[in-house]
$ cat upload_4.cif   # mmCIF, C-alpha atoms and all ligand atoms
data_my_file
#
loop_
_atom_site.label_atom_id
_atom_site.label_comp_id
_atom_site.auth_asym_id
_atom_site.auth_seq_id
_atom_site.Cartn_x
_atom_site.Cartn_y
_atom_site.Cartn_z
CA MET A 5 3.50 -0.12 -22.50
CA THR A 6 4.67 1.10 -25.92
CA GLU A 7 4.73 -1.17 -28.96
CA GLU A 8 8.54 -0.96 -28.85
CA GLU A 9 8.61 -2.17 -25.23
CA LYS A 10 6.12 -4.92 -26.00
CA ASN A 11 8.33 -6.35 -28.74
CA CYS A 12 11.76 -5.66 -27.22
CA ILE A 13 13.65 -8.85 -26.37
CA PHE A 14 15.33 -7.40 -23.26
CA CYS A 15 12.04 -5.90 -22.02
CA LYS A 16 10.61 -9.41 -22.40
CA ILE A 17 13.48 -10.78 -20.31
CA VAL A 18 12.92 -8.04 -17.69
CA ARG A 19 9.21 -8.93 -17.58
CA GLY A 20 10.04 -12.65 -17.30
CA GLU A 21 8.34 -13.52 -20.58
CA ILE A 22 11.59 -14.97 -21.94
CA PRO A 23 13.83 -17.02 -19.65
CA SER A 24 17.28 -15.84 -18.70
CA TYR A 25 20.09 -16.99 -16.44
CA THR A 26 19.75 -14.07 -14.05
CA VAL A 27 22.72 -13.37 -11.78
CA TYR A 28 21.55 -10.11 -10.19
CA GLU A 29 18.36 -8.10 -10.08
CA ASP A 30 17.03 -5.08 -8.24
CA ASP A 31 14.57 -2.29 -8.95
CA VAL A 32 16.87 -0.63 -11.52
CA VAL A 33 18.73 -3.37 -13.40
CA LYS A 34 18.67 -6.99 -14.36
CA ALA A 35 21.93 -8.84 -15.05
CA PHE A 36 21.89 -12.13 -16.90
CA LEU A 37 24.22 -14.38 -18.88
CA ASP A 38 24.72 -13.35 -22.48
CA ILE A 39 23.54 -16.27 -24.53
CA SER A 40 26.71 -16.14 -26.66
CA GLN A 41 29.09 -16.61 -23.67
CA ASN A 42 31.88 -14.95 -25.61
CA THR A 43 34.00 -16.03 -22.67
CA PRO A 44 32.54 -18.07 -19.77
CA GLY A 45 30.66 -15.74 -17.43
CA HIS A 46 29.90 -13.12 -20.12
CA THR A 47 27.07 -11.13 -18.54
CA LEU A 48 24.75 -8.34 -19.68
CA VAL A 49 23.53 -5.62 -17.36
CA VAL A 50 20.36 -3.95 -18.62
CA PRO A 51 18.31 -1.11 -17.18
CA LYS A 52 14.78 -2.32 -16.44
CA LYS A 53 13.54 0.86 -18.08
CA HIS A 54 13.57 0.60 -21.87
CA VAL A 55 16.25 2.98 -23.10
CA LYS A 56 17.60 2.49 -26.59
CA ASP A 57 21.21 3.49 -26.10
CA ILE A 58 23.58 5.64 -24.06
CA PHE A 59 22.29 8.79 -25.76
CA ALA A 60 18.87 8.22 -24.18
CA TYR A 61 19.99 8.03 -20.51
CA ASP A 62 19.42 10.87 -18.11
CA ASP A 63 21.96 11.51 -15.34
CA ASP A 64 19.95 9.70 -12.66
CA LEU A 65 19.44 6.55 -14.71
CA ALA A 66 23.11 6.50 -15.70
CA ALA A 67 24.21 6.91 -12.08
CA ALA A 68 21.87 4.14 -10.96
CA VAL A 69 22.75 1.66 -13.72
CA PHE A 70 26.50 2.20 -13.77
CA SER A 71 26.71 2.08 -9.97
CA ARG A 72 25.69 -1.59 -10.14
CA LEU A 73 28.65 -2.62 -12.29
CA PRO A 74 31.45 -3.04 -9.72
CA LYS A 75 29.37 -5.33 -7.50
CA ILE A 76 28.38 -7.57 -10.43
CA ALA A 77 31.90 -7.46 -11.90
CA ARG A 78 33.39 -8.57 -8.57
CA ALA A 79 30.94 -11.46 -8.28
CA ILE A 80 31.82 -12.64 -11.79
CA LYS A 81 35.53 -12.38 -11.05
CA LYS A 82 35.18 -14.32 -7.81
CA SER A 83 33.14 -17.00 -9.59
CA ASP A 84 36.24 -18.45 -11.22
CA PRO A 85 39.85 -18.07 -10.03
CA ARG A 86 41.02 -18.24 -13.65
CA ILE A 87 39.45 -14.84 -14.36
CA VAL A 88 42.27 -12.31 -14.33
CA GLY A 89 40.64 -9.33 -16.05
CA MET A 90 37.42 -8.02 -17.56
CA ASN A 91 36.38 -5.90 -20.51
CA ILE A 92 33.28 -3.79 -19.91
CA LEU A 93 31.73 -2.42 -23.04
CA ASN A 94 28.58 -0.82 -24.30
CA ASN A 95 27.76 -0.71 -28.00
CA ASN A 96 25.68 2.19 -29.31
CA GLY A 97 24.32 2.17 -32.83
CA LYS A 98 24.47 -0.45 -35.53
CA VAL A 99 27.83 0.82 -36.76
CA ALA A 100 29.20 0.23 -33.24
CA TYR A 101 27.90 -3.39 -33.26
CA GLN A 102 24.72 -2.77 -31.29
CA SER A 103 22.26 -5.48 -32.30
CA VAL A 104 19.70 -5.25 -29.49
CA PHE A 105 18.28 -1.75 -29.18
CA HIS A 106 17.64 -1.86 -25.46
CA SER A 107 20.78 -0.50 -23.86
CA HIS A 108 23.01 -3.07 -22.20
CA ILE A 109 26.50 -3.29 -20.78
CA HIS A 110 28.67 -6.29 -21.56
CA LEU A 111 30.87 -7.69 -18.79
CA VAL A 112 33.35 -10.00 -20.49
CA PRO A 113 35.63 -11.86 -18.12
CA ARG A 114 39.15 -12.42 -19.43
CA TYR A 115 41.17 -15.54 -18.83
CA SER A 116 44.21 -14.97 -21.01
CA ALA A 117 45.42 -12.99 -24.01
CA ALA A 118 44.43 -16.00 -26.10
CA ASP A 119 40.78 -16.19 -25.04
CA GLN A 120 38.06 -15.41 -27.56
CA PHE A 121 37.85 -11.67 -27.22
CA SER A 122 39.74 -8.83 -28.77
CA ILE A 123 39.54 -5.08 -29.11
CA HIS A 124 41.94 -3.35 -31.39
CA PHE A 125 42.51 0.40 -31.02
CA THR A 126 44.28 2.10 -33.89
CA ASP A 127 46.84 4.74 -32.90
CA ASN A 128 46.22 7.69 -35.24
CA SER A 129 48.16 10.20 -33.15
CA ALA A 130 50.72 10.64 -35.93
CA ASN A 131 47.96 12.35 -37.96
CA TYR A 132 47.15 14.88 -35.22
CA ASP A 133 48.78 18.15 -34.31
CA GLU A 134 47.78 20.54 -31.51
CA ALA A 135 45.36 22.48 -33.74
CA LYS A 136 43.55 19.34 -34.76
CA TYR A 137 43.23 18.02 -31.20
CA LYS A 138 41.91 21.43 -30.10
CA GLN A 139 39.38 21.56 -32.94
CA VAL A 140 37.99 18.17 -31.96
CA GLN A 141 38.06 19.10 -28.25
CA GLN A 142 36.18 22.36 -28.88
CA ALA A 143 33.49 20.73 -31.01
CA ILE A 144 32.68 18.35 -28.14
CA VAL A 145 32.90 20.90 -25.34
CA GLU A 146 30.46 23.20 -27.15
CA HIS A 147 27.72 20.59 -26.92
CA LEU A 148 28.02 19.47 -23.29
CA GLU A 149 25.03 21.49 -22.19
CA ASP A 150 22.77 20.55 -25.12
P1 LIG A 201 25.04 -6.05 -28.83
O1 LIG A 201 25.58 -6.64 -30.11
O2 LIG A 201 26.03 -5.20 -28.09
O3 LIG A 201 23.72 -5.35 -29.08
O4 LIG A 201 24.77 -7.29 -27.87
C1 LIG A 201 23.57 -8.00 -27.85
C2 LIG A 201 23.86 -9.25 -27.09
O5 LIG A 201 22.63 -9.81 -26.68
C3 LIG A 201 24.60 -10.32 -27.90
O6 LIG A 201 25.87 -10.57 -27.31
C4 LIG A 201 23.67 -11.54 -27.81
O7 LIG A 201 24.37 -12.75 -27.64
C5 LIG A 201 22.81 -11.21 -26.60
N1 LIG A 201 21.49 -11.80 -26.59
C6 LIG A 201 20.55 -11.76 -27.56
N2 LIG A 201 19.44 -12.41 -27.18
C7 LIG A 201 19.68 -12.88 -25.91
C8 LIG A 201 18.92 -13.63 -24.97
N3 LIG A 201 17.67 -14.04 -25.24
N4 LIG A 201 19.48 -13.93 -23.79
C9 LIG A 201 20.74 -13.52 -23.51
N5 LIG A 201 21.50 -12.81 -24.35
C10 LIG A 201 20.98 -12.49 -25.54
ZN ZN A 202 13.43 -2.87 -24.04
#

$ encode --input "upload_4.cif" --output "structure tokens" --more "lines below"
Ligand code: AMP
Ligand code: ZN
Amino acid sequence: MTEEEKNCIFCKIVRGEIPSYTVYEDDVVKAFLDISQNTPGHTLVVPKKHVKDIFAYDDDLAAAVFSRLPKIARAIKKSDPRIVGMNILNNNGKVAYQSVFHSHIHLVPRYSAADQFSIHFTDNSANYDEAKYKQVQQAIVEHLED
């Protein structure tokens, strides 16, 4: 075990050294209640393997981890008839609000527009023309095989 894995809070939860309210577990992932309970039922899905963020996944790990989400999401939704939607999000990097550097996916059940969760997307399309979209598109496409 690396020093990073030894000290990582989610690795400790995976190893059972720190308690958690586990709702699902198999050989690939562990899902447990987020201590903050942003909305009731707020759950984290973490790969058992220590990976820092989305940039560190390989295809197989991503397929395995993300394939677990619908089953867990359905169970959360069925746990309370008041749940009418769900935000699923994954923060990568401090600037993107990642605070625990063992990758995790937030499942945040939604009860109403007034519950304690919000995401605000800014529409900057007025600042883009075809050339600018294409420039951004090309810069990404060029790196897909890196
Ligand atoms: P993020 O800001 O995306 O890195 O999310 C980290 C999340 O981990 C936060 O929502 C915390 O509430 C949650 N968290 C931190 N420690 C624990 C813990 N021991 N058990 C459950 N959730 C935790
Ligand atoms: Zn870890």

$ closest_residue --input "upload_4.cif" --among "A:His106, A:Lys34, A:His46, A:Lys75" --to "ligand ZN 202 (chain A)" --atoms "only C-alpha atoms and all ligand atoms"
A:His106

$ atom_distance --input "upload_4.cif" --atom1 "atom CA of A:His110" --atom2 "atom CA of A:Lys52"
15.3 Å

$ residues_around --input "upload_4.cif" --residues "stretch 118-134 of chain A" --least-positions-apart "3" --cutoff "9 Å" --atoms "only C-alpha atoms" --output "PyMOL selection string"
chain A and resi 42-43+91+112+114-115+137-139

$ write_last_selection --input "upload_4.cif" --atoms "C-alpha atoms" --output "PDB file, in the frame of the given file"
ATOM      1  CA  ASN A  42      31.880 -14.950 -25.610  1.00  0.00           C
ATOM      2  CA  THR A  43      34.000 -16.030 -22.670  1.00  0.00           C
ATOM      3  CA  ASN A  91      36.380  -5.900 -20.510  1.00  0.00           C
ATOM      4  CA  VAL A 112      33.350 -10.000 -20.490  1.00  0.00           C
ATOM      5  CA  ARG A 114      39.150 -12.420 -19.430  1.00  0.00           C
ATOM      6  CA  TYR A 115      41.170 -15.540 -18.830  1.00  0.00           C
ATOM      7  CA  TYR A 137      43.230  18.020 -31.200  1.00  0.00           C
ATOM      8  CA  LYS A 138      41.910  21.430 -30.100  1.00  0.00           C
ATOM      9  CA  GLN A 139      39.380  21.560 -32.940  1.00  0.00           C
TER      10      GLN A 139
END

$ atom_distance --input "upload_4.cif" --atom1 "atom CA of A:Ala35" --atom2 "atom CA of A:Lys98"
22.3 Å

$ atom_distance --input "upload_4.cif" --atom1 "atom CA of A:Glu149" --atom2 "atom CA of A:Asp64"
16.0 Å

$ residues_near_ligand --input "upload_4.cif" --ligand "ligand ZN 202 (chain A)" --cutoff "9 Å" --atoms "only C-alpha atoms and all ligand atoms" --output "ChimeraX atom specification"
/A:8-18,50-56,104-107

$ closest_atom_pairs --input "upload_4.cif" --of "chain A" --to "ligand LIG 201 (chain A)" --cutoff "6 Å" --atoms "all atoms listed in the file" --output "tab-separated table"
residue	atom	partner	partner_atom	distance
A:Ser24	CA	A:LIG201	N4	5.9
A:Leu37	CA	A:LIG201	C9	5.9
A:Asp38	CA	A:LIG201	N5	3.8
A:Ile39	CA	A:LIG201	N5	4.0
A:Ser40	CA	A:LIG201	O7	4.2
A:Asn95	CA	A:LIG201	O2	4.8
A:Tyr101	CA	A:LIG201	O1	5.1
A:Gln102	CA	A:LIG201	O3	3.5
A:Ser103	CA	A:LIG201	O3	3.5
A:Val104	CA	A:LIG201	O3	4.0

$ write_last_selection --input "upload_4.cif" --atoms "C-alpha atoms" --output "PDB file, in the coordinates of the input"
ATOM      1  CA  SER A  24      17.280 -15.840 -18.700  1.00  0.00           C
ATOM      2  CA  LEU A  37      24.220 -14.380 -18.880  1.00  0.00           C
ATOM      3  CA  ASP A  38      24.720 -13.350 -22.480  1.00  0.00           C
ATOM      4  CA  ILE A  39      23.540 -16.270 -24.530  1.00  0.00           C
ATOM      5  CA  SER A  40      26.710 -16.140 -26.660  1.00  0.00           C
ATOM      6  CA  ASN A  95      27.760  -0.710 -28.000  1.00  0.00           C
ATOM      7  CA  TYR A 101      27.900  -3.390 -33.260  1.00  0.00           C
ATOM      8  CA  GLN A 102      24.720  -2.770 -31.290  1.00  0.00           C
ATOM      9  CA  SER A 103      22.260  -5.480 -32.300  1.00  0.00           C
ATOM     10  CA  VAL A 104      19.700  -5.250 -29.490  1.00  0.00           C
TER      11      VAL A 104
END

$ closest_residue --input "upload_4.cif" --among "A:Ile92, A:Val27, A:Val32, A:Ala100" --to "A:Ala79" --atoms "all atoms listed in the file"
A:Val27

$ closest_residue --input "upload_4.cif" --among "A:Gly89, A:Asn94, A:Thr47, A:Arg72" --to "A:Phe59" --atoms "only C-alpha atoms"
A:Asn94

$ closest_residue --input "upload_4.cif" --among "A:Ile22, A:Val33, A:Ala135, A:Met5" --to "A:Ile109" --atoms "only C-alpha atoms"
A:Val33

$ residues_around --input "upload_4.cif" --residues "A:Pro74" --least-positions-apart "6" --cutoff "12 Å" --atoms "all atoms listed in the file" --output "VMD selection string"
chain A and resid 49 80 to 81 90 92 111

$ write_last_selection --input "upload_4.cif" --atoms "C-alpha atoms" --output "compact mmCIF listing (two decimals), keeping the file's coordinate frame"
# COMPACT_ATOMS: atom_id res chain seq x y z
CA VAL A 49 23.53 -5.62 -17.36
CA ILE A 80 31.82 -12.64 -11.79
CA LYS A 81 35.53 -12.38 -11.05
CA MET A 90 37.42 -8.02 -17.56
CA ILE A 92 33.28 -3.79 -19.91
CA LEU A 111 30.87 -7.69 -18.79

$ closest_residue --input "upload_4.cif" --among "A:Ser116, A:Gln141, A:Asn96, A:Thr6" --to "A:Asp57" --atoms "only C-alpha atoms"
A:Asn96

$ closest_residue --input "upload_4.cif" --among "A:Ser71, A:Arg78, A:Pro113, A:Pro23" --to "A:Phe36" --atoms "all atoms listed in the file"
A:Pro23
